[in-house]
Amino acid sequence: MTKVKEQSTLHQNKGIAEITCPITYVMNKIGGHWKPIILYYLMSGPKRYSELRRSIPAITEKMLAQHLKQLKEDNLINRKVEQEMPPITIYSLTPSAELLSPVLLAMADWAIKDSGLYKDMECQ
């Protein structure tokens with residue numbers, strides 16, 4: 001994700017929009033193609049990086065790593081490194097992200113009803 005200069009008008013406008021609009025706040029946290037999908041898969045429980053990668057085969061390694069880092073910075077996921085050989089990294093939802101579960105399920109339910117295409121809830 002491209003960094004926006006803190007002094008730029010765009011940065012200031014985004015800050016104002018985030019303060020005045022809760023939808024802007026949410027979209028700044030979970031907007032884009034991959035973040036909701038990552039959160040969706042973590043709703044079923046903690047996952048290792050490799051499990052997430054297999055669950056979302058269309059995502060590149062770079063995008064997965066980048067979005068996991070952003071979700072952690074936004075306090076939506078926890079990252080725990082278990083000191084084994086080799087070390088294991090486990091990702092899980094924070095309590096804040098768990099509050100998003102009904103929202104993500106509602107989005108999936110809407111897609112099923114609106115499109116009539118989806119028999120199962122596999123996201124990619």
# chains A, B, ... in the order shown; residues from 1 in each chain; ligands from 1
>>> select_by_dssp(residues="segment 19-105 of chain A", states="alpha helix (DSSP H)", output="CSV table (one decimal) with C-alpha atoms, in the first residue's frame")
chain,number,residue,atom,x,y,z
A,19,ILE,CA,-13.7,11.2,12.3
A,20,THR,CA,-17.0,12.1,10.8
A,22,PRO,CA,-18.1,5.4,10.8
A,23,ILE,CA,-18.3,3.7,7.3
A,24,THR,CA,-15.0,5.4,6.3
A,25,TYR,CA,-13.5,4.2,9.6
A,26,VAL,CA,-14.5,0.6,8.9
A,27,MET,CA,-13.4,0.7,5.2
A,28,ASN,CA,-10.0,2.2,6.3
A,29,LYS,CA,-9.5,-0.9,8.5
A,30,ILE,CA,-10.9,-3.7,6.4
A,35,LYS,CA,-8.6,-8.2,4.3
A,36,PRO,CA,-12.2,-9.3,4.7
A,37,ILE,CA,-11.3,-12.7,3.3
A,38,ILE,CA,-8.4,-13.1,5.7
A,39,LEU,CA,-10.6,-12.1,8.6
A,40,TYR,CA,-13.3,-14.5,7.3
A,41,TYR,CA,-11.0,-17.5,7.4
A,42,LEU,CA,-9.7,-16.5,10.9
A,49,TYR,CA,0.5,-18.6,7.8
A,50,SER,CA,0.6,-21.7,5.6
A,51,GLU,CA,-3.0,-22.6,6.5
A,52,LEU,CA,-4.1,-19.1,5.4
A,53,ARG,CA,-2.1,-19.4,2.2
A,54,ARG,CA,-3.8,-22.7,1.3
A,55,SER,CA,-7.2,-21.4,2.2
A,61,GLU,CA,2.6,-14.4,-0.7
A,62,LYS,CA,3.5,-10.7,-0.8
A,63,MET,CA,-0.1,-9.6,-0.5
A,64,LEU,CA,-0.9,-12.0,2.3
A,65,ALA,CA,2.2,-10.9,4.3
A,66,GLN,CA,1.4,-7.2,3.7
A,67,HIS,CA,-2.3,-7.5,4.7
A,68,LEU,CA,-1.5,-9.6,7.8
A,69,LYS,CA,0.9,-6.8,8.9
A,70,GLN,CA,-1.7,-4.1,8.3
A,71,LEU,CA,-4.4,-6.1,10.1
A,72,LYS,CA,-2.0,-6.5,13.1
A,73,GLU,CA,-1.1,-2.8,13.1
A,95,PRO,CA,-11.7,-9.2,20.4
A,96,SER,CA,-12.2,-6.1,18.2
A,97,ALA,CA,-12.1,-8.2,15.0
A,98,GLU,CA,-14.5,-10.8,16.6
A,101,SER,CA,-17.8,-11.6,12.5
A,102,PRO,CA,-21.6,-10.9,12.2
A,103,VAL,CA,-20.8,-8.1,9.6
A,104,LEU,CA,-18.7,-10.5,7.5
A,105,LEU,CA,-21.3,-13.2,7.7
>>> closest_residue(among="A:Leu93, A:Ile56, A:Leu100, A:Met43", to="Asn75 of chain A", atoms="only C-alpha atoms")
A:Leu93
>>> closest_residue(among="A:Ser92, A:Cys21, A:Asp109, A:Leu117", to="Lys80 of chain A", atoms="only C-alpha atoms")
A:Ser92
>>> atom_distance(atom1="atom CA of Gln83 of chain A", atom2="atom CA of Ile59 of chain A")
26.9 Å
>>> select_by_dssp(residues="chain A", states="strand (DSSP E)", output="list in words")
Lys47, Arg48, Ile77, Asn78, Arg79, Lys80, Val81, Glu82, Ile88, Thr89, Ile90, Tyr91, Ser92 and Leu93 of chain A
>>> write_last_selection(atoms="N, CA and C atoms", output="PDB file, in the first residue's frame")
ATOM      1  N   LYS A  47      -4.957 -19.651  12.848  1.00  0.00           N
ATOM      2  CA  LYS A  47      -4.377 -20.320  11.680  1.00  0.00           C
ATOM      3  C   LYS A  47      -2.907 -19.957  11.563  1.00  0.00           C
ATOM      4  N   ARG A  48      -2.146 -20.927  11.074  1.00  0.00           N
ATOM      5  CA  ARG A  48      -0.756 -20.671  10.709  1.00  0.00           C
ATOM      6  C   ARG A  48      -0.749 -19.961   9.355  1.00  0.00           C
ATOM      7  N   ILE A  77      -5.862  -8.438  14.258  1.00  0.00           N
ATOM      8  CA  ILE A  77      -5.372  -9.801  14.433  1.00  0.00           C
ATOM      9  C   ILE A  77      -4.212  -9.813  15.412  1.00  0.00           C
ATOM     10  N   ASN A  78      -4.051 -10.958  16.051  1.00  0.00           N
ATOM     11  CA  ASN A  78      -2.895 -11.217  16.911  1.00  0.00           C
ATOM     12  C   ASN A  78      -1.908 -12.069  16.125  1.00  0.00           C
ATOM     13  N   ARG A  79      -0.636 -11.858  16.383  1.00  0.00           N
ATOM     14  CA  ARG A  79       0.421 -12.661  15.769  1.00  0.00           C
ATOM     15  C   ARG A  79       1.262 -13.240  16.902  1.00  0.00           C
ATOM     16  N   LYS A  80       1.271 -14.568  16.988  1.00  0.00           N
ATOM     17  CA  LYS A  80       2.016 -15.241  18.055  1.00  0.00           C
ATOM     18  C   LYS A  80       3.048 -16.161  17.421  1.00  0.00           C
ATOM     19  N   VAL A  81       4.288 -16.021  17.849  1.00  0.00           N
ATOM     20  CA  VAL A  81       5.368 -16.872  17.347  1.00  0.00           C
ATOM     21  C   VAL A  81       5.706 -17.879  18.421  1.00  0.00           C
ATOM     22  N   GLU A  82       5.530 -19.158  18.102  1.00  0.00           N
ATOM     23  CA  GLU A  82       5.881 -20.227  19.035  1.00  0.00           C
ATOM     24  C   GLU A  82       7.313 -20.657  18.756  1.00  0.00           C
ATOM     25  N   ILE A  88       6.920 -21.352  14.655  1.00  0.00           N
ATOM     26  CA  ILE A  88       5.587 -21.371  14.066  1.00  0.00           C
ATOM     27  C   ILE A  88       4.902 -20.046  14.391  1.00  0.00           C
ATOM     28  N   THR A  89       4.341 -19.382  13.372  1.00  0.00           N
ATOM     29  CA  THR A  89       3.606 -18.147  13.557  1.00  0.00           C
ATOM     30  C   THR A  89       2.120 -18.446  13.423  1.00  0.00           C
ATOM     31  N   ILE A  90       1.357 -18.042  14.431  1.00  0.00           N
ATOM     32  CA  ILE A  90      -0.080 -18.292  14.451  1.00  0.00           C
ATOM     33  C   ILE A  90      -0.812 -16.961  14.510  1.00  0.00           C
ATOM     34  N   TYR A  91      -1.817 -16.829  13.644  1.00  0.00           N
ATOM     35  CA  TYR A  91      -2.627 -15.625  13.585  1.00  0.00           C
ATOM     36  C   TYR A  91      -4.019 -15.930  14.122  1.00  0.00           C
ATOM     37  N   SER A  92      -4.580 -14.971  14.858  1.00  0.00           N
ATOM     38  CA  SER A  92      -5.930 -15.118  15.391  1.00  0.00           C
ATOM     39  C   SER A  92      -6.597 -13.742  15.443  1.00  0.00           C
ATOM     40  N   LEU A  93      -7.911 -13.756  15.580  1.00  0.00           N
ATOM     41  CA  LEU A  93      -8.660 -12.508  15.667  1.00  0.00           C
ATOM     42  C   LEU A  93      -8.514 -11.897  17.057  1.00  0.00           C
TER      43      LEU A  93
END
